[in-house]
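Pasted below: input_13.cif, mmCIF, C-alpha atoms.
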data_protein
loop_
_atom_site.group_PDB
_atom_site.id
_atom_site.type_symbol
_atom_site.label_atom_id
_atom_site.label_comp_id
_atom_site.auth_asym_id
_atom_site.auth_seq_id
_atom_site.Cartn_x
_atom_site.Cartn_y
_atom_site.Cartn_z
ATOM 1 C CA MET W 1 -19.187 -7.557 1.932
ATOM 2 C CA HIS W 2 -17.899 -10.214 -0.440
ATOM 3 C CA GLY W 3 -14.280 -9.079 -0.114
ATOM 4 C CA GLY W 4 -14.367 -9.235 3.681
ATOM 5 C CA ALA W 5 -13.413 -6.633 6.258
ATOM 6 C CA LEU W 6 -10.270 -5.559 4.394
ATOM 7 C CA ALA W 7 -12.264 -4.556 1.323
ATOM 8 C CA GLY W 8 -14.717 -2.682 3.548
ATOM 9 C CA TRP W 9 -11.900 -0.743 5.212
ATOM 10 C CA LEU W 10 -10.376 0.103 1.833
ATOM 11 C CA LEU W 11 -13.681 1.384 0.474
ATOM 12 C CA MET W 12 -14.274 3.392 3.629
ATOM 13 C CA ALA W 13 -10.837 5.010 3.446
ATOM 14 C CA LEU W 14 -11.112 5.880 -0.252
ATOM 15 C CA CYS W 15 -14.593 7.366 0.125
ATOM 16 C CA ALA W 16 -13.666 9.295 3.273
ATOM 17 C CA VAL W 17 -10.579 10.817 1.617
ATOM 18 C CA SER W 18 -12.619 11.727 -1.472
ATOM 19 C CA GLY W 19 -15.311 13.287 0.704
ATOM 20 C CA ALA W 20 -12.708 15.274 2.645
ATOM 21 C CA TYR W 21 -11.181 16.633 -0.561
ATOM 22 C CA CYS W 22 -14.624 17.608 -1.858
ATOM 23 C CA LEU W 23 -15.259 19.365 1.450
ATOM 24 C CA LEU W 24 -12.088 21.402 0.931
ATOM 25 C CA ARG W 25 -13.329 22.386 -2.519
ATOM 26 C CA THR W 26 -16.422 23.989 -0.960
ATOM 27 C CA ARG W 27 -14.197 26.860 0.195
ATOM 28 C CA THR W 28 -13.211 27.998 -3.302
ATOM 29 C CA GLY W 29 -14.677 28.398 -6.766
ATOM 30 C CA THR W 30 -17.957 29.762 -8.027
ATOM 31 C CA PRO W 31 -21.231 29.278 -6.106
ATOM 32 C CA GLN W 32 -22.162 26.527 -8.563
ATOM 33 C CA GLU W 33 -18.839 24.734 -8.051
ATOM 34 C CA ARG W 34 -19.221 24.969 -4.269
ATOM 35 C CA ARG W 35 -22.720 23.478 -4.437
ATOM 36 C CA THR W 36 -21.415 20.636 -6.573
ATOM 37 C CA ALA W 37 -18.552 20.033 -4.132
ATOM 38 C CA ARG W 38 -20.975 19.906 -1.191
ATOM 39 C CA GLY W 39 -23.076 17.284 -2.958
ATOM 40 C CA GLU W 40 -20.011 15.198 -3.743
ATOM 41 C CA ALA W 41 -18.743 15.515 -0.159
ATOM 42 C CA LEU W 42 -22.090 14.253 1.132
ATOM 43 C CA MET W 43 -21.891 11.312 -1.261
ATOM 44 C CA GLY W 44 -18.322 10.481 -0.246
ATOM 45 C CA PHE W 45 -18.991 10.533 3.496
ATOM 46 C CA GLY W 46 -22.264 8.642 3.079
ATOM 47 C CA MET W 47 -20.542 5.877 1.144
ATOM 48 C CA ALA W 48 -17.713 5.786 3.699
ATOM 49 C CA ALA W 49 -20.228 5.253 6.490
ATOM 50 C CA MET W 50 -21.908 2.470 4.523
ATOM 51 C CA ALA W 51 -18.588 0.717 3.987
ATOM 52 C CA VAL W 52 -17.596 0.382 7.669
ATOM 53 C CA PRO W 53 -17.201 -3.374 8.371
ATOM 54 C CA ALA W 54 -19.967 -4.892 10.515
ATOM 55 C CA ALA W 55 -17.402 -6.285 12.969
ATOM 56 C CA VAL W 56 -16.556 -2.703 13.935
ATOM 57 C CA LEU W 57 -19.937 -1.013 13.897
ATOM 58 C CA THR W 58 -23.451 -2.267 13.311
ATOM 59 C CA PRO W 59 -25.712 0.701 12.564
ATOM 60 C CA PRO W 60 -28.998 1.067 14.471
ATOM 61 C CA GLU W 61 -32.141 0.106 12.590
ATOM 62 C CA GLY W 62 -33.162 3.731 12.170
ATOM 63 C CA ALA W 63 -29.924 4.569 10.368
ATOM 64 C CA TRP W 64 -31.283 3.230 7.079
ATOM 65 C CA ALA W 65 -34.316 5.500 7.290
ATOM 66 C CA VAL W 66 -31.965 8.443 7.847
ATOM 67 C CA TYR W 67 -29.941 7.434 4.785
ATOM 68 C CA GLY W 68 -33.127 7.263 2.738
ATOM 69 C CA VAL W 69 -34.351 10.680 3.856
ATOM 70 C CA VAL W 70 -30.979 12.431 3.453
ATOM 71 C CA PHE W 71 -30.231 11.071 -0.003
ATOM 72 C CA GLY W 72 -33.864 11.330 -1.065
ATOM 73 C CA ALA W 73 -33.624 15.053 -0.323
ATOM 74 C CA ALA W 74 -30.304 15.165 -2.191
ATOM 75 C CA ALA W 75 -31.975 13.500 -5.188
ATOM 76 C CA LEU W 76 -34.764 16.093 -5.214
ATOM 77 C CA ARG W 77 -32.214 18.897 -5.062
ATOM 78 C CA ALA W 78 -30.189 17.349 -7.895
ATOM 79 C CA LEU W 79 -33.367 16.994 -9.969
ATOM 80 C CA TRP W 80 -34.155 20.669 -9.412
ATOM 81 C CA SER W 81 -30.569 21.725 -10.245
ATOM 82 C CA ALA W 82 -30.549 19.579 -13.405
ATOM 83 C CA ARG W 83 -32.494 22.364 -15.121
ATOM 84 C CA HIS W 84 -29.256 24.348 -15.217
ATOM 85 C CA GLY W 85 -26.767 21.622 -16.129
ATOM 86 C CA SER W 86 -26.701 17.992 -17.182
ATOM 87 C CA HIS W 87 -23.886 17.222 -14.710
ATOM 88 C CA HIS W 88 -26.483 17.237 -11.936
ATOM 89 C CA LEU W 89 -28.092 14.197 -13.535
ATOM 90 C CA HIS W 90 -25.114 12.152 -12.348
ATOM 91 C CA HIS W 91 -25.688 13.433 -8.811
ATOM 92 C CA LEU W 92 -29.339 12.459 -9.203
ATOM 93 C CA VAL W 93 -28.401 8.902 -10.201
ATOM 94 C CA GLY W 94 -25.914 8.662 -7.331
ATOM 95 C CA SER W 95 -28.413 9.894 -4.738
ATOM 96 C CA LEU W 96 -31.103 7.523 -5.987
ATOM 97 C CA ALA W 97 -28.582 4.660 -5.913
ATOM 98 C CA MET W 98 -27.842 5.471 -2.267
ATOM 99 C CA VAL W 99 -31.562 5.456 -1.444
ATOM 100 C CA TYR W 100 -31.923 2.141 -3.273
ATOM 101 C CA MET W 101 -29.060 0.563 -1.312
ATOM 102 C CA ALA W 102 -30.394 1.915 1.987
ATOM 103 C CA VAL W 103 -33.854 0.461 1.312
ATOM 104 C CA THR W 104 -32.424 -2.846 0.111
ATOM 105 C CA MET W 105 -30.065 -3.302 3.044
ATOM 106 C CA ALA W 106 -32.393 -2.130 5.809
ATOM 107 C CA PRO W 107 -33.387 -4.746 8.421
ATOM 108 C CA GLY W 108 -36.446 -6.638 7.211
ATOM 109 C CA ALA W 109 -35.786 -5.972 3.519
ATOM 110 C CA ALA W 110 -36.143 -9.087 1.412
ATOM 111 C CA GLY W 111 -32.886 -10.955 1.089
ATOM 112 C CA ALA W 112 -30.855 -8.409 3.022
ATOM 113 C CA GLY W 113 -29.650 -8.159 6.561
ATOM 114 C CA GLY W 114 -26.779 -5.704 6.486
ATOM 115 C CA HIS W 115 -25.219 -3.304 4.030
ATOM 116 C CA ALA W 116 -22.380 -3.088 1.558
ATOM 117 C CA GLY W 117 -19.723 -2.800 4.221
ATOM 118 C CA HIS W 118 -21.684 -4.654 6.885
ATOM 119 C CA GLY W 119 -21.936 -8.126 5.433
ATOM 120 C CA ALA W 120 -24.963 -7.676 3.203
ATOM 121 C CA ALA W 121 -23.957 -10.754 1.288
ATOM 122 C CA ALA W 122 -24.502 -12.932 4.335
ATOM 123 C CA GLY W 123 -28.232 -12.742 3.938
ATOM 124 C CA GLY W 124 -28.176 -13.522 0.236
ATOM 125 C CA ALA W 125 -28.742 -11.306 -2.777
ATOM 126 C CA GLY W 126 -31.038 -8.344 -2.279
ATOM 127 C CA GLY W 127 -32.613 -5.641 -4.354
ATOM 128 C CA VAL W 128 -34.127 -5.830 -7.814
ATOM 129 C CA PRO W 129 -31.672 -7.648 -10.142
ATOM 130 C CA LEU W 130 -32.663 -5.604 -13.204
ATOM 131 C CA LEU W 131 -32.286 -2.266 -11.409
ATOM 132 C CA THR W 132 -29.018 -3.350 -9.831
ATOM 133 C CA GLY W 133 -27.764 -4.416 -13.267
ATOM 134 C CA VAL W 134 -28.718 -1.074 -14.840
ATOM 135 C CA LEU W 135 -26.868 0.816 -12.100
ATOM 136 C CA LEU W 136 -23.824 -1.437 -12.494
ATOM 137 C CA VAL W 137 -23.717 -0.763 -16.233
ATOM 138 C CA TYR W 138 -24.099 2.978 -15.648
ATOM 139 C CA TYR W 139 -21.237 3.110 -13.159
ATOM 140 C CA ALA W 140 -19.028 0.864 -15.267
ATOM 141 C CA LEU W 141 -19.416 3.290 -18.186
ATOM 142 C CA TYR W 142 -18.938 6.269 -15.876
ATOM 143 C CA VAL W 143 -15.695 4.814 -14.511
ATOM 144 C CA LEU W 144 -14.373 4.153 -18.022
ATOM 145 C CA ARG W 145 -15.227 7.671 -19.137
ATOM 146 C CA SER W 146 -13.708 9.265 -16.028
ATOM 147 C CA ALA W 147 -10.558 7.182 -16.374
ATOM 148 C CA GLY W 148 -10.286 8.282 -19.994
ATOM 149 C CA HIS W 149 -10.163 11.920 -18.872
ATOM 150 C CA LEU W 150 -7.138 11.158 -16.707
ATOM 151 C CA VAL W 151 -5.221 9.132 -19.304
ATOM 152 C CA PRO W 152 -2.853 11.119 -21.593
ATOM 153 C CA ALA W 153 -4.310 11.835 -25.009
ATOM 154 C CA GLY W 154 -3.282 9.576 -27.853
ATOM 155 C CA THR W 155 -3.598 6.295 -25.966
ATOM 156 C CA GLY W 156 -6.172 3.693 -26.865
ATOM 157 C CA VAL W 157 -7.888 3.928 -23.468
ATOM 158 C CA ALA W 158 -8.292 7.690 -23.679
ATOM 159 C CA SER W 159 -9.766 7.475 -27.170
ATOM 160 C CA PHE W 160 -12.116 4.626 -26.247
ATOM 161 C CA ALA W 161 -13.378 6.326 -23.079
ATOM 162 C CA GLY W 162 -13.701 9.778 -24.568
ATOM 163 C CA GLY W 163 -10.705 11.265 -22.808
ATOM 164 C CA ARG W 164 -9.637 14.806 -23.519
ATOM 165 C CA PRO W 165 -6.135 15.912 -24.415
ATOM 166 C CA GLU W 166 -3.933 17.127 -21.607
ATOM 167 C CA GLY W 167 -3.757 20.860 -21.128
ATOM 168 C CA VAL W 168 -7.387 21.622 -21.934
ATOM 169 C CA VAL W 169 -7.782 23.509 -18.674
ATOM 170 C CA ARG W 170 -7.956 27.185 -19.507
ATOM 171 C CA GLY W 171 -7.479 30.268 -17.401
ATOM 172 C CA GLY W 172 -4.710 31.525 -15.151
ATOM 173 C CA ARG W 173 -1.670 33.613 -15.956
ATOM 174 C CA GLY W 174 1.541 31.841 -16.734
ATOM 175 C CA GLY W 175 2.519 28.221 -16.526
ATOM 176 C CA VAL W 176 2.576 27.976 -12.734
ATOM 177 C CA VAL W 177 -1.009 29.093 -12.194
ATOM 178 C CA GLY W 178 -2.246 27.085 -15.158
ATOM 179 C CA SER W 179 -0.456 24.005 -13.905
ATOM 180 C CA ALA W 180 -1.954 24.373 -10.414
ATOM 181 C CA THR W 181 -5.410 24.698 -11.905
ATOM 182 C CA GLY W 182 -4.827 21.604 -14.004
ATOM 183 C CA VAL W 183 -3.670 19.596 -10.984
ATOM 184 C CA GLY W 184 -6.771 20.663 -9.049
ATOM 185 C CA THR W 185 -9.014 19.608 -11.925
ATOM 186 C CA GLU W 186 -7.280 16.237 -12.168
ATOM 187 C CA LEU W 187 -7.663 15.665 -8.415
ATOM 188 C CA THR W 188 -11.367 16.455 -8.688
ATOM 189 C CA MET W 189 -11.766 13.977 -11.547
ATOM 190 C CA ALA W 190 -9.753 11.392 -9.600
ATOM 191 C CA CYS W 191 -12.099 11.775 -6.619
ATOM 192 C CA ARG W 192 -15.132 11.317 -8.865
ATOM 193 C CA LEU W 193 -13.500 8.268 -10.414
ATOM 194 C CA THR W 194 -12.793 6.831 -6.956
ATOM 195 C CA MET W 195 -16.383 7.301 -5.835
ATOM 196 C CA GLY W 196 -17.632 5.769 -9.083
ATOM 197 C CA ILE W 197 -15.500 2.669 -8.500
ATOM 198 C CA ALA W 198 -16.654 2.484 -4.867
ATOM 199 C CA MET W 199 -20.303 2.742 -5.877
ATOM 200 C CA PHE W 200 -19.803 -0.039 -8.437
ATOM 201 C CA ALA W 201 -18.175 -2.244 -5.786
ATOM 202 C CA MET W 202 -20.953 -1.606 -3.280
ATOM 203 C CA LEU W 203 -23.656 -2.395 -5.822
ATOM 204 C CA LEU W 204 -21.929 -5.711 -6.514
ATOM 205 C CA THR W 205 -22.633 -6.774 -2.939
ATOM 206 C CA LEU W 206 -26.410 -6.506 -3.357
#
As structure tokens, the full file:
Amino acid sequence: MHGGALAGWLLMALCAVSGAYCLLRTRTGTPQERRTARGEALMGFGMAAMAVPAAVLTPPEGAWAVYGVVFGAAALRALWSARHGSHHLHHLVGSLAMVYMAVTMAPGAAGAGGHAGHGAAAGGAGGVPLLTGVLLVYYALYVLRSAGHLVPAGTGVASFAGGRPEGVVRGGRGGVVGSATGVGTELTMACRLTMGIAMFAMLLTL
């Protein structure tokens, strides 16, 4: 990618850690929360695999077809689940973005010869500029909004990005339980923010 192997390693590490945390979340919560965590874990590990530097591992040609099928199925599932909650629309966009990157960076695709972590830039720009631009704008806004949720209320960034005041997490008995719940919620939002930043960075390499 444009930032070299170091940037690829950093993206891989961040996405892998986020995916691992989401995988841990699949063991607790409501059935809906566990399904959401599984989808986010799949996204995190998929992005981590895409970000591995080409000098370390060059994926076989069929790997891109596998990416397309896996995340195409994830997109269909997110579309079906969107009937019950708008949050699934973000998963739909993310899954479609993964399919788009897999198709763009597959061997033989116009203007592409690798992938985001595998030196896609070496073959020149790939993909559809307008679609890439739309996805970049979407993830830029998503990152700003997610960051606003983590910034203490009353700051300019939190107000601009639609952040919520601290302490909005409800439930639990006593300060200790409530605090633990709040920390867990903040970690979940931090993981989503991390994956949003990583997706933005990977789209920049197209």
Selection in question (the file shown): the PyMOL selection byres ((chain W and resi 47) around 9). Which residues does it include, as a ChimeraX atom specification?
/W:11-12,15-16,42-46,48-51,98,195,198-199,202
Go ahead and compute the interatomic distance for atom CA of W:Val99 and atom CA of W:Phe71, in Å to one decimal.
5.9 Å
With distances taken over all atoms listed in the file, which of W:Ala63, W:Met105, W:Ala20, W:Leu131 is nearest to W:Gly39?
W:Ala20
Quick check, in Å to one decimal: how far apart do atom CA of W:Val56 and atom CA of W:Thr194 lie?
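So the answer is 23.3 Å.
Taking atom CA of W:Ala78 and atom CA of W:Thr36 as the two end points, the separation is 9.5 Å.
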Selection result for the PyMOL selection byres ((chain W and resi 67-70) around 9) on this file, as a ChimeraX atom specification:
/W:46,62-66,71-75,95-96,98-103
Prev. selection, C-alpha atoms, output as a CSV table (one decimal), in the frame of the given file:
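Result file follows (selection.csv):
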chain,number,residue,atom,x,y,z
W,46,GLY,CA,-22.3,8.6,3.1
W,62,GLY,CA,-33.2,3.7,12.2
W,63,ALA,CA,-29.9,4.6,10.4
W,64,TRP,CA,-31.3,3.2,7.1
W,65,ALA,CA,-34.3,5.5,7.3
W,66,VAL,CA,-32.0,8.4,7.8
W,71,PHE,CA,-30.2,11.1,0.0
W,72,GLY,CA,-33.9,11.3,-1.1
W,73,ALA,CA,-33.6,15.1,-0.3
W,74,ALA,CA,-30.3,15.2,-2.2
W,75,ALA,CA,-32.0,13.5,-5.2
W,95,SER,CA,-28.4,9.9,-4.7
W,96,LEU,CA,-31.1,7.5,-6.0
W,98,MET,CA,-27.8,5.5,-2.3
W,99,VAL,CA,-31.6,5.5,-1.4
W,100,TYR,CA,-31.9,2.1,-3.3
W,101,MET,CA,-29.1,0.6,-1.3
W,102,ALA,CA,-30.4,1.9,2.0
W,103,VAL,CA,-33.9,0.5,1.3
Selection: 12 Å around W:Gly85, all atoms listed in the file, excl. self and same-chain fewer than 5 positions, as an NGL selection string:
:W and (32-33 or 36 or 78-80 or 90-92)
For W:Ile197, the nearest of the candidates W:Ala41, W:Tyr21, W:Leu10, W:Ala5, counting only C-alpha atoms
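Once distances to W:Ile197 are computed over only C-alpha atoms, the minimum belongs to W:Leu10.
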If we count only C-alpha atoms and set the cut-off at 9 Å, which residues sit around W:Thr26, ignoring sequence neighbours fewer than 2 positions away in its own chain? Please answer as a list in words.
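Within the cut-off, the hits are Cys22, Leu23, Leu24, Thr28, Gly29, Pro31, Glu33, Arg34, Arg35, Thr36, Ala37, Arg38 and Ala41 of chain W.
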Take every atom of stretch 25-31 of chain W listed in the file, pad by 8 Å on each side, and give me the axis-aligned box centre and edge lengths in Å, one decimal, as JSON.
{"center_x": -17.2, "center_y": 26.1, "center_z": -3.9, "size_x": 24.0, "size_y": 23.4, "size_z": 24.2}
Taking the file as I've supplied it (selection: the PyMOL selection byres ((chain W and resi 129) around 12)), which residues are included? Please answer as a PyMOL selection string.
chain W and resi 100+104+111+125-128+130-136+203-206
